[in-house]
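**Q** Sharing upload_3.cif below, mmCIF, C-alpha atoms:
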data_input
loop_
_atom_site.label_atom_id
_atom_site.label_comp_id
_atom_site.auth_asym_id
_atom_site.auth_seq_id
_atom_site.Cartn_x
_atom_site.Cartn_y
_atom_site.Cartn_z
CA MET A 14 -12.29 -24.28 -2.67
CA ARG A 15 -13.27 -20.63 -2.45
CA VAL A 16 -11.55 -18.71 -5.20
CA VAL A 17 -11.47 -14.96 -5.92
CA ILE A 18 -10.40 -13.78 -9.38
CA MET A 19 -9.47 -10.16 -10.09
CA GLY A 20 -9.93 -9.30 -13.75
CA CYS A 21 -12.61 -10.84 -15.97
CA GLY A 22 -10.81 -10.65 -19.31
CA ARG A 23 -10.20 -13.69 -21.47
CA VAL A 24 -7.80 -15.30 -19.02
CA GLY A 25 -9.88 -14.56 -15.90
CA SER A 26 -13.20 -15.66 -17.40
CA THR A 27 -11.74 -18.87 -18.87
CA LEU A 28 -10.18 -19.79 -15.53
CA ALA A 29 -13.38 -18.93 -13.64
CA ALA A 30 -15.46 -21.17 -15.91
CA ARG A 31 -13.04 -24.06 -15.52
CA LEU A 32 -12.73 -23.80 -11.75
CA GLU A 33 -16.48 -23.56 -11.30
CA HIS A 34 -16.99 -26.55 -13.57
CA GLU A 35 -14.69 -28.48 -11.21
CA GLY A 36 -16.91 -27.62 -8.27
CA ASN A 37 -15.25 -24.58 -6.71
CA THR A 38 -17.00 -21.46 -5.41
CA LEU A 39 -16.06 -18.39 -7.45
CA THR A 40 -16.12 -14.63 -7.02
CA VAL A 41 -14.99 -12.56 -9.99
CA ILE A 42 -14.08 -8.86 -9.68
CA ASP A 43 -13.83 -6.39 -12.53
CA THR A 44 -14.07 -2.60 -12.83
CA ASP A 45 -16.18 -2.96 -15.97
CA PRO A 46 -19.50 -4.85 -15.55
CA TYR A 47 -19.57 -5.41 -19.34
CA SER A 48 -16.63 -7.79 -18.99
CA PHE A 49 -18.80 -10.32 -17.13
CA ARG A 50 -20.40 -11.19 -20.50
CA ARG A 51 -17.36 -13.40 -21.04
CA LEU A 52 -18.50 -15.76 -18.28
CA PRO A 53 -20.57 -18.77 -19.34
CA SER A 54 -24.35 -18.14 -19.32
CA ASP A 55 -24.85 -20.73 -16.58
CA PHE A 56 -22.17 -19.21 -14.31
CA GLN A 57 -23.31 -19.55 -10.68
CA GLY A 58 -20.54 -17.62 -8.97
CA GLU A 59 -20.63 -14.06 -7.69
CA THR A 60 -19.63 -11.07 -9.81
CA LEU A 61 -18.49 -7.84 -8.19
CA VAL A 62 -17.89 -4.46 -9.85
CA GLY A 63 -14.87 -2.65 -8.39
CA SER A 64 -11.09 -2.46 -8.18
CA GLY A 65 -9.45 -5.66 -7.03
CA TYR A 66 -6.66 -3.62 -5.46
CA ASP A 67 -9.06 -1.82 -3.11
CA ASP A 68 -9.13 -3.54 0.28
CA HIS A 69 -12.83 -2.75 0.79
CA VAL A 70 -13.72 -4.41 -2.50
CA LEU A 71 -11.56 -7.42 -1.64
CA GLU A 72 -13.28 -7.71 1.71
CA ALA A 73 -16.70 -7.55 0.03
CA ALA A 74 -15.48 -10.33 -2.28
CA GLY A 75 -14.82 -12.47 0.78
CA VAL A 76 -11.10 -12.68 0.16
CA HIS A 77 -10.45 -13.27 3.89
CA GLU A 78 -12.22 -16.62 3.51
CA ALA A 79 -10.71 -17.47 0.13
CA ASP A 80 -8.35 -20.38 -0.41
CA ALA A 81 -6.88 -18.83 -3.54
CA PHE A 82 -6.62 -15.41 -5.17
CA PHE A 83 -5.76 -14.74 -8.81
CA ALA A 84 -4.77 -11.28 -10.09
CA LEU A 85 -5.26 -11.51 -13.85
CA THR A 86 -5.87 -8.01 -15.22
CA GLN A 87 -3.67 -6.58 -17.96
CA GLY A 88 -2.03 -4.15 -15.53
CA ASP A 89 1.08 -5.54 -13.86
CA ASN A 90 1.16 -2.97 -11.08
CA ARG A 91 -2.47 -3.22 -10.09
CA ASN A 92 -2.17 -7.02 -10.15
CA LEU A 93 0.87 -6.81 -7.86
CA LEU A 94 -0.90 -4.41 -5.46
CA GLY A 95 -4.06 -6.55 -5.32
CA ALA A 96 -2.04 -9.73 -4.86
CA GLN A 97 0.06 -8.30 -2.04
CA ILE A 98 -3.04 -6.99 -0.23
CA ALA A 99 -4.60 -10.46 -0.54
CA LYS A 100 -1.45 -12.16 0.72
CA HIS A 101 -0.24 -9.79 3.44
CA ILE A 102 -3.42 -8.11 4.72
CA PHE A 103 -5.92 -10.95 4.27
CA GLY A 104 -3.52 -13.90 4.57
CA VAL A 105 -4.70 -15.80 1.49
CA LYS A 106 -2.57 -18.96 1.15
CA VAL A 107 -2.37 -19.30 -2.61
CA VAL A 108 -1.87 -16.06 -4.53
CA VAL A 109 -1.18 -16.17 -8.27
CA VAL A 110 -0.28 -13.04 -10.25
CA ARG A 111 -0.11 -12.34 -13.95
CA VAL A 112 2.90 -10.10 -14.64
CA SER A 113 3.56 -9.33 -18.30
CA ASP A 114 7.00 -7.82 -17.74
CA PRO A 115 9.26 -10.87 -17.17
CA PHE A 116 11.79 -8.86 -15.12
CA ARG A 117 9.13 -7.61 -12.76
CA GLY A 118 7.73 -11.14 -12.56
CA GLU A 119 11.10 -12.49 -11.48
CA ILE A 120 11.56 -9.84 -8.78
CA PHE A 121 8.18 -10.56 -7.23
CA ALA A 122 8.63 -14.32 -7.52
CA ASN A 123 11.74 -13.82 -5.38
CA LEU A 124 9.54 -11.95 -2.92
CA GLY A 125 7.33 -15.01 -2.52
CA LEU A 126 4.52 -14.40 -5.00
CA ARG A 127 3.56 -17.03 -7.55
CA THR A 128 3.92 -15.08 -10.78
CA PHE A 129 3.56 -16.07 -14.41
CA SER A 130 4.35 -14.08 -17.52
CA PRO A 131 2.08 -14.39 -20.57
CA THR A 132 4.96 -12.80 -22.47
CA ASN A 133 7.38 -15.61 -21.63
CA ILE A 134 4.76 -18.32 -22.07
CA GLY A 135 3.66 -16.96 -25.47
CA ALA A 136 7.22 -16.58 -26.73
CA GLN A 137 8.11 -20.08 -25.54
CA MET A 138 5.09 -21.67 -27.27
CA ALA A 139 5.85 -19.85 -30.52
CA TYR A 140 9.44 -21.02 -30.30
CA ASP A 141 8.43 -24.62 -29.57
CA ALA A 142 6.06 -24.58 -32.55
CA LEU A 143 8.93 -23.52 -34.80
CA ILE A 144 11.21 -26.27 -33.46
CA ARG A 145 8.53 -28.91 -34.08
CA GLU A 146 8.02 -27.73 -37.67
CA GLN A 147 11.72 -28.04 -38.52
CA MET B 11 22.71 12.36 -3.49
CA TYR B 12 21.24 10.91 -6.65
CA ILE B 13 17.44 10.91 -6.44
CA ILE B 14 14.90 9.45 -8.87
CA VAL B 15 11.38 10.90 -8.68
CA VAL B 16 8.70 8.74 -10.32
CA GLY B 17 5.58 10.62 -11.46
CA ALA B 18 5.65 14.18 -12.79
CA GLY B 19 2.19 15.29 -11.73
CA THR B 20 1.71 18.24 -9.40
CA VAL B 21 3.54 16.56 -6.52
CA GLY B 22 6.44 15.23 -8.59
CA TYR B 23 6.89 18.52 -10.44
CA GLY B 24 7.03 20.53 -7.22
CA LEU B 25 9.39 18.03 -5.67
CA GLY B 26 11.65 18.09 -8.72
CA LEU B 27 11.87 21.87 -8.58
CA GLU B 28 12.69 21.92 -4.86
CA LEU B 29 15.32 19.21 -5.11
CA GLN B 30 16.92 20.72 -8.18
CA ALA B 31 17.35 23.98 -6.28
CA MET B 32 19.33 22.19 -3.59
CA ALA B 33 22.90 22.20 -4.80
CA ASP B 34 24.03 18.80 -3.61
CA HIS B 35 21.43 16.67 -5.33
CA GLU B 36 21.27 15.20 -8.76
CA VAL B 37 17.64 14.62 -9.63
CA VAL B 38 15.84 12.85 -12.43
CA LEU B 39 12.07 13.17 -12.83
CA VAL B 40 10.37 10.39 -14.79
CA ASP B 41 6.85 10.09 -16.15
CA ARG B 42 5.36 7.54 -18.50
CA ASP B 43 3.07 10.07 -20.14
CA ARG B 44 4.91 11.22 -23.24
CA SER B 45 3.22 14.59 -23.64
CA ARG B 46 3.50 15.46 -19.95
CA SER B 47 7.19 14.62 -19.82
CA GLY B 48 7.85 16.43 -23.11
CA GLU B 49 6.14 19.54 -21.79
CA LEU B 50 8.15 19.48 -18.57
CA ARG B 51 11.39 18.77 -20.39
CA GLU B 52 11.01 22.05 -22.23
CA GLU B 53 10.71 23.83 -18.92
CA LEU B 54 13.14 21.90 -16.72
CA GLY B 55 15.56 20.46 -19.24
CA GLU B 56 17.29 17.09 -19.20
CA MET B 57 16.29 16.14 -15.68
CA VAL B 58 12.91 15.06 -17.08
CA VAL B 59 12.87 11.65 -18.79
CA HIS B 60 9.98 9.88 -20.45
CA GLY B 61 9.52 6.28 -19.26
CA ASP B 62 7.83 3.78 -16.96
CA GLY B 63 9.26 4.03 -13.44
CA THR B 64 8.21 0.47 -12.62
CA GLU B 65 10.11 -1.10 -15.50
CA VAL B 66 13.50 -2.63 -14.76
CA VAL B 67 15.06 -1.84 -18.14
CA PHE B 68 13.97 1.79 -18.01
CA LEU B 69 15.09 2.33 -14.43
CA GLU B 70 18.45 0.82 -15.34
CA SER B 71 18.77 3.35 -18.19
CA VAL B 72 18.32 6.29 -15.82
CA GLY B 73 20.98 4.92 -13.47
CA ALA B 74 18.86 3.32 -10.76
CA ARG B 75 21.86 1.22 -9.78
CA ARG B 76 23.66 4.26 -8.39
CA ALA B 77 20.56 6.00 -7.00
CA ASP B 78 20.56 6.80 -3.28
CA MET B 79 16.83 7.38 -3.14
CA LEU B 80 13.70 6.69 -5.16
CA ILE B 81 10.53 8.67 -4.49
CA ALA B 82 7.31 7.43 -6.14
CA VAL B 83 4.56 10.04 -6.15
CA THR B 84 2.10 9.09 -8.89
CA GLY B 85 -1.65 9.07 -8.26
CA ASP B 86 -1.67 5.27 -8.45
CA ASP B 87 -0.77 3.17 -5.41
CA GLY B 88 0.10 0.10 -7.49
CA THR B 89 2.66 2.08 -9.48
CA ASN B 90 4.14 3.67 -6.37
CA LEU B 91 4.42 0.38 -4.49
CA VAL B 92 5.91 -1.59 -7.37
CA SER B 93 8.32 1.19 -8.29
CA CYS B 94 9.68 1.28 -4.72
CA GLN B 95 9.84 -2.52 -4.48
CA VAL B 96 11.73 -2.82 -7.77
CA ALA B 97 14.12 -0.07 -6.64
CA LYS B 98 14.69 -1.72 -3.28
CA HIS B 99 14.95 -5.37 -4.26
CA TRP B 100 16.47 -5.21 -7.73
CA PHE B 101 18.60 -2.07 -7.63
CA LYS B 102 19.31 -2.05 -3.87
CA VAL B 103 18.34 1.61 -3.57
CA ALA B 104 18.95 2.48 0.07
CA ARG B 105 15.91 4.64 0.68
CA THR B 106 12.45 4.50 -0.88
CA ILE B 107 9.58 6.89 -0.27
CA ALA B 108 6.05 6.32 -1.56
CA ARG B 109 3.02 8.53 -1.80
CA VAL B 110 0.00 6.58 -0.59
CA ASN B 111 -3.26 7.65 -2.20
CA ASN B 112 -5.52 5.25 -0.31
CA PRO B 113 -4.52 5.78 3.35
CA ARG B 114 -5.52 2.20 4.16
CA ASN B 115 -2.62 1.00 2.01
CA GLU B 116 -0.12 2.66 4.31
CA ARG B 117 0.19 -0.39 6.55
CA LEU B 118 0.84 -2.71 3.60
CA PHE B 119 3.52 -0.41 2.20
CA ARG B 120 5.32 -0.32 5.57
CA GLU B 121 5.04 -4.07 6.01
CA LEU B 122 6.57 -4.56 2.58
CA GLY B 123 9.61 -2.51 3.52
CA ILE B 124 8.94 0.88 1.92
CA ASP B 125 11.04 3.17 4.13
CA SER B 126 8.64 6.11 4.30
CA THR B 127 5.08 6.69 3.24
CA VAL B 128 3.32 9.99 2.74
CA SER B 129 -0.44 10.19 2.64
CA ALA B 130 -2.07 13.54 1.91
CA THR B 131 -5.44 12.20 3.04
CA GLY B 132 -3.93 10.88 6.25
CA ALA B 133 -2.14 14.16 6.95
CA ILE B 134 -5.27 16.22 6.38
CA MET B 135 -7.34 13.85 8.53
CA ALA B 136 -4.81 14.33 11.33
CA GLN B 137 -5.21 18.09 11.02
CA ILE B 138 -8.99 17.78 11.16
CA GLU B 139 -8.71 15.66 14.29
CA VAL B 140 -6.67 18.40 15.97
CA ASP B 141 -9.62 20.75 15.58
CA LEU B 142 -12.46 18.40 16.44
CA PRO B 143 -13.04 17.83 20.14
CA GLU B 144 -14.81 14.52 19.51
CA HIS B 145 -11.85 13.21 17.54
CA THR B 146 -9.29 12.89 20.22
CA PHE B 147 -6.53 10.95 18.54
CA ILE B 148 -3.61 12.64 16.79
CA PRO B 149 -0.81 10.61 15.20
CA LEU B 150 2.28 12.80 15.79
CA MET B 151 4.99 10.91 13.93
CA LYS B 152 6.13 7.51 12.81
CA LEU B 153 9.35 6.25 14.34
CA HIS B 154 11.57 5.27 11.47
CA GLY B 155 12.01 1.56 10.86
CA SER B 156 10.43 0.24 14.06
CA GLY B 157 6.74 0.12 13.14
CA LEU B 158 6.04 2.31 16.15
CA GLN B 159 4.31 5.66 16.18
CA LEU B 160 4.03 8.55 18.58
CA VAL B 161 0.45 9.57 19.30
CA ASP B 162 -1.38 12.23 21.26
CA LEU B 163 -4.84 11.62 22.69
CA HIS B 164 -7.23 12.67 25.41
CA VAL B 165 -8.72 10.37 28.02
CA ILE B 166 -12.48 10.23 27.51
CA ALA B 167 -15.03 9.94 30.32
CA GLY B 168 -16.47 6.44 30.37
CA SER B 169 -13.45 4.81 28.74
CA GLU B 170 -11.68 1.87 30.35
CA ALA B 171 -8.71 4.08 31.12
CA GLU B 172 -10.63 6.71 33.03
CA GLY B 173 -10.04 6.40 36.76
CA ALA B 174 -7.65 3.50 36.29
CA ALA B 175 -4.10 3.29 37.62
CA LEU B 176 -1.66 2.61 34.77
CA ARG B 177 -0.56 -0.74 36.23
CA SER B 178 -4.11 -2.08 35.99
CA LEU B 179 -4.54 -1.09 32.33
CA HIS B 180 -4.06 -3.78 29.74
CA LEU B 181 -2.14 -1.84 27.13
CA PRO B 182 -1.45 -3.43 23.75
CA GLU B 183 1.95 -5.13 23.58
CA ASN B 184 4.94 -2.80 23.10
CA SER B 185 2.87 0.25 24.01
CA ILE B 186 4.17 2.84 26.49
CA ILE B 187 2.40 5.86 27.88
CA SER B 188 5.34 8.20 28.13
CA LEU B 189 3.77 11.46 29.28
CA VAL B 190 0.53 12.50 30.95
CA VAL B 191 -0.53 16.15 30.93
CA HIS B 192 -3.24 16.68 33.53
CA GLU B 193 -6.01 19.15 33.02
CA GLY B 194 -4.67 22.56 33.90
CA GLY B 195 -1.41 21.81 32.16
CA SER B 196 0.85 20.02 34.67
CA PRO B 197 2.93 17.35 32.93
CA GLU B 198 3.86 14.09 34.64
CA VAL B 199 6.13 11.24 33.64
CA PRO B 200 3.77 8.47 34.68
CA ASN B 201 4.45 5.38 36.77
CA GLY B 202 2.26 2.41 37.67
CA ASP B 203 0.38 4.42 40.30
CA THR B 204 -0.54 7.29 38.00
CA VAL B 205 -4.32 7.49 37.71
CA LEU B 206 -5.79 8.74 34.45
CA ARG B 207 -8.64 11.25 34.57
CA ALA B 208 -11.05 12.32 31.88
CA GLY B 209 -9.51 15.21 29.97
CA ASP B 210 -5.90 14.17 30.64
CA GLU B 211 -3.73 14.37 27.56
CA ILE B 212 -1.48 11.41 26.85
CA ILE B 213 1.61 11.10 24.71
CA ALA B 214 2.25 7.44 23.94
CA VAL B 215 4.41 5.21 21.80
CA ILE B 216 2.39 2.40 20.23
CA PRO B 217 2.79 -0.12 17.39
CA GLN B 218 0.98 1.16 14.32
CA GLU B 219 -1.33 -1.83 14.18
CA ALA B 220 -2.33 -1.38 17.84
CA GLU B 221 -3.96 1.96 17.10
CA PRO B 222 -7.62 0.82 17.18
CA GLU B 223 -7.11 -1.15 20.39
CA PHE B 224 -5.25 1.65 22.15
CA ARG B 225 -7.70 4.24 20.96
CA HIS B 226 -10.61 2.20 22.26
CA LEU B 227 -8.97 1.72 25.65
CA VAL B 228 -8.32 5.40 26.25
CA ALA B 229 -10.82 7.23 24.11
CA GLY B 230 -13.65 4.75 23.55
CA ALA B 231 -16.75 4.81 25.72
CA THR B 232 -17.43 1.46 27.39
CA VAL B 233 -21.18 2.07 27.59
CA ASN B 234 -23.43 3.32 24.82
CA GLY B 235 -20.23 3.33 22.90
#
Mind converting the file's structure to structure tokens?

**A**
Amino acid sequence: MRVVIMGCGRVGSTLAARLEHEGNTLTVIDTDPYSFRRLPSDFQGETLVGSGYDDHVLEAAGVHEADAFFALTQGDNRNLLGAQIAKHIFGVKVVVVRVSDPFRGEIFANLGLRTFSPTNIGAQMAYDALIREQ
Amino acid sequence: MYIIVVGAGTVGYGLGLELQAMADHEVVLVDRDRSRSGELREELGEMVVHGDGTEVVFLESVGARRADMLIAVTGDDGTNLVSCQVAKHWFKVARTIARVNNPRNERLFRELGIDSTVSATGAIMAQIEVDLPEHTFIPLMKLHGSGLQLVDLHVIAGSEAEGAALRSLHLPENSIISLVVHEGGSPEVPNGDTVLRAGDEIIAVIPQEAEPEFRHLVAGATVNG
């Protein structure tokens, strides 16, 4: 699979490493080139400096040929803009968006985006840990 | 009308002032920058509220549920898009208007149901095109809700359209040439027999996405092009 990831923070870099390890072709976009240090030293994929919500950058990243697009920066709104460009302008089949605000995540899930909320996931795991300890 | 303006930069501030001066509107101006909104609150009073105009809980607190219109005019397209989408889909706000900073995002915003988009770059480019003879394409207006636009352009020598009768031209789907102004200034409502000449001015209705195709047909040289 060809996969484009927007945002090379901890989540983006961890996912990129895993997907590449499983044999996929990766392109990772970040506005800050320093963030690419988080990728494994033997990372073979492409890195691209720029905004993942800029259609020219997405085109340069080959998003029109991508099978999946992940918007994983810490900014909900830029993730949602990048994801909707990938889905509606470039027709990417699988688009996954990180949306920290659970309300916003729900609204955009209803609009057909695959969203996940680190806030909800984190709170749930903390809660589960408590239940197990009791 | 109750209007929420998101973003209190230069555009939002000016808009807030204008709307406040119109007697029939209740306006709230929101900005997520605490010092900017505090500063403006001293000048404009309670109409300025500090908060994130893309956040459901905050929008609820400023009465988004009863808003008739939300206008998002920050310098960030992601914020403007999401703010309008949240207003439309969660709060059922009837009319949403977004400022588009990157003019290439305009199409996406329209496709996603934002009722109106305003692009300063796009508007200025249109003005430049009026004054440049080699730029012969002027978008006149967008027809609300239909995805169509009204455009004005000149037939260029060497284009496919030059010398062709309208019936033989392969126009993009849903495009209509509604008026031809021949050189010298005589207007004609065209029919299939109307022949286009270089220098003729055309007023046409075309789908927004058909712009490049239409432009090429009428104003693109077929050789050395």

**Q** Quick one: which residues end up in the PyMOL selection byres ((chain B) within 10 of (chain A)) for this structure, as a list in words?

**A**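 Answer for the PyMOL selection byres ((chain B) within 10 of (chain A)): Thr64, Glu65, Val66, Val67, Asp86, Asp87, Gly88, Thr89, Asn90, Leu91, Val92, Ser93, Gln95, Val96, His99, Trp100, Asn112, Arg114, Asn115, Arg117, Leu118, Phe119, Glu121 and Leu122 of chain B.
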
**Q** Using atom CA of A:Arg50 and atom CA of A:Gly65 as the two end points, give the distance in Å to one decimal.

**A**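 That distance, rounded to one decimal, is 18.2 Å.
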
**Q** At what distance in Å, to one decimal, does atom CA of A:Leu28 lie from atom CA of A:Ser130?

**A**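 If I compute the distance from atom CA of A:Ser130 to atom CA of A:Leu28, I get 15.7 Å.
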
**Q** Show me as a list in words the residues that reach within 12 Å of (6.2, -3.1, 35.6), counting only C-alpha atoms and using the file's own coordinates.

**A**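 In the file's frame, the residues around the point are Leu176, Arg177, Ser178, Leu179, His180, Leu181, Ile186, Pro200, Asn201, Gly202 and Asp203 of chain B.
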
**Q** Based on the selection just made, write C-alpha atoms of those residues as an mmCIF file, in the coordinates of the input.

**A**
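So the final result, stored in part-v5.cif, reads:
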data_model
loop_
_atom_site.group_PDB
_atom_site.id
_atom_site.type_symbol
_atom_site.label_atom_id
_atom_site.label_comp_id
_atom_site.auth_asym_id
_atom_site.auth_seq_id
_atom_site.Cartn_x
_atom_site.Cartn_y
_atom_site.Cartn_z
ATOM 1 C CA LEU B 176 -1.660 2.610 34.770
ATOM 2 C CA ARG B 177 -0.560 -0.740 36.230
ATOM 3 C CA SER B 178 -4.110 -2.080 35.990
ATOM 4 C CA LEU B 179 -4.540 -1.090 32.330
ATOM 5 C CA HIS B 180 -4.060 -3.780 29.740
ATOM 6 C CA LEU B 181 -2.140 -1.840 27.130
ATOM 7 C CA ILE B 186 4.170 2.840 26.490
ATOM 8 C CA PRO B 200 3.770 8.470 34.680
ATOM 9 C CA ASN B 201 4.450 5.380 36.770
ATOM 10 C CA GLY B 202 2.260 2.410 37.670
ATOM 11 C CA ASP B 203 0.380 4.420 40.300
#

**Q** For B:Phe224, which residue among B:Gln30, B:Asn184, B:Gln137, B:Ser47 is the nearest when counting only C-alpha atoms?

**A**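 Among the listed residues, B:Asn184 lies closest to B:Phe224.
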
**Q** How many Å lie between atom CA of A:Lys100 and atom CA of A:Gly118, rounded to one decimal?

**A**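 Between these atoms lies a distance of 16.2 Å.
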
**Q** Every residue with an atom at most 7 Å from (9.6, 5.9, 7.0) (file coordinates; all atoms listed in the file) is what I'm after, so could you write them as a VMD selection string?

**A** chain B and resid 125 to 127 152 154 to 155

**Q** Name all residues at most 9 Å from B:Gly17 (count all atoms listed in the file; drop same-chain ones fewer than 5 positions away) and give them as a list in words.

**A**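 The neighbour list is Gly22, Tyr23, Leu39, Val40, Asp41, Arg42, Gly63, Ile81, Ala82, Val83, Thr84, Gly85 and Asn90 of chain B.
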
**Q** Find, counting all atoms listed in the file, the residue in B:Gly209, B:Leu153, B:Asp78, B:Val228 that gets nearest to B:Gly194.

**A**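 Looking at the shortest contact to B:Gly194, the residue is B:Gly209.
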
**Q** Let me make sure I understand: among A:Ile18, A:Ala142, A:Ile134, A:Val62, which one has the smallest atom-to-atom distance to A:Val110 if we use all atoms listed in the file?

**A**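 Ranked by minimum distance to A:Val110, first place goes to A:Ile18.
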
**Q** Would you pick out the contacts of A:Gly22 at 8 Å or less, using all atoms listed in the file, so that residues sharing its chain but fewer than 5 positions from it are not included, and give the list as a list in words?

**A**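 Residues meeting the cut-off are Ser48, Arg51, Leu85 and Thr86 of chain A.
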
**Q** Hey, what comes out of the PyMOL selection byres ((chain B and resi 225) around 10) on this file? Could you write it as a list in words?

**A** Thr146, Phe147, Val161, Leu163, His164, Val165, Ser169, Ala220, Glu221, Pro222, Glu223, Phe224, His226, Leu227, Val228, Ala229 and Gly230 of chain B

**Q** For B:Met57, list every protein, DNA or RNA residue within 12 Å, evaluated using only C-alpha atoms, and leave out those in the same chain fewer than 5 positions away; present the list as a list in words.

**A**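 Here the qualifying residues turn out to be Tyr12, Ile13, Ile14, Val15, Val16, Ala18, Tyr23, Gly26, Leu27, Leu29, Gln30, His35, Glu36, Val37, Val38, Leu39, Val40, Asp41, Ser47, Gly48, Leu50, Arg51, Glu52 and Val72 of chain B.
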
**Q** Nearest to A:Ser113: which of A:Asp80, A:Val16, A:Ala99, A:Thr132 is it, counting all atoms listed in the file?

**A**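 Using all atoms listed in the file, the shortest distance to A:Ser113 belongs to A:Thr132.
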
**Q** Excluding same-chain residues fewer than 5 positions from B:Leu189, what lies within 6 Å of it counting all atoms listed in the file, as a list in words?

**A**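 My list of contacting residues is Glu198, Val199, Ile212 and Ile213 of chain B.
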
**Q** Out of B:Thr204, B:Glu183, B:Pro149, B:Leu54, which residue has the shortest atom-to-atom distance to B:Glu28 when counting all atoms listed in the file?

**A** B:Leu54

**Q** Would you please work out which residue, of A:Ile144, A:Ala139, A:Met19, A:Val107, is nearest to A:Arg127 when using only C-alpha atoms?

**A** A:Val107

**Q** Would you list the contacts of A:Cys21 as a PDB file with C-alpha atoms, in the coordinates of the input, taking every protein, DNA or RNA residue within 7 Å and counting all atoms listed in the file, but skipping same-chain residues closer than 3 positions in sequence?

**A**
ATOM      1  CA  GLY A  25      -9.880 -14.560 -15.900  1.00  0.00           C
ATOM      2  CA  SER A  26     -13.200 -15.660 -17.400  1.00  0.00           C
ATOM      3  CA  VAL A  41     -14.990 -12.560  -9.990  1.00  0.00           C
ATOM      4  CA  ILE A  42     -14.080  -8.860  -9.680  1.00  0.00           C
ATOM      5  CA  ASP A  43     -13.830  -6.390 -12.530  1.00  0.00           C
ATOM      6  CA  SER A  48     -16.630  -7.790 -18.990  1.00  0.00           C
ATOM      7  CA  PHE A  49     -18.800 -10.320 -17.130  1.00  0.00           C
TER       8      PHE A  49
END
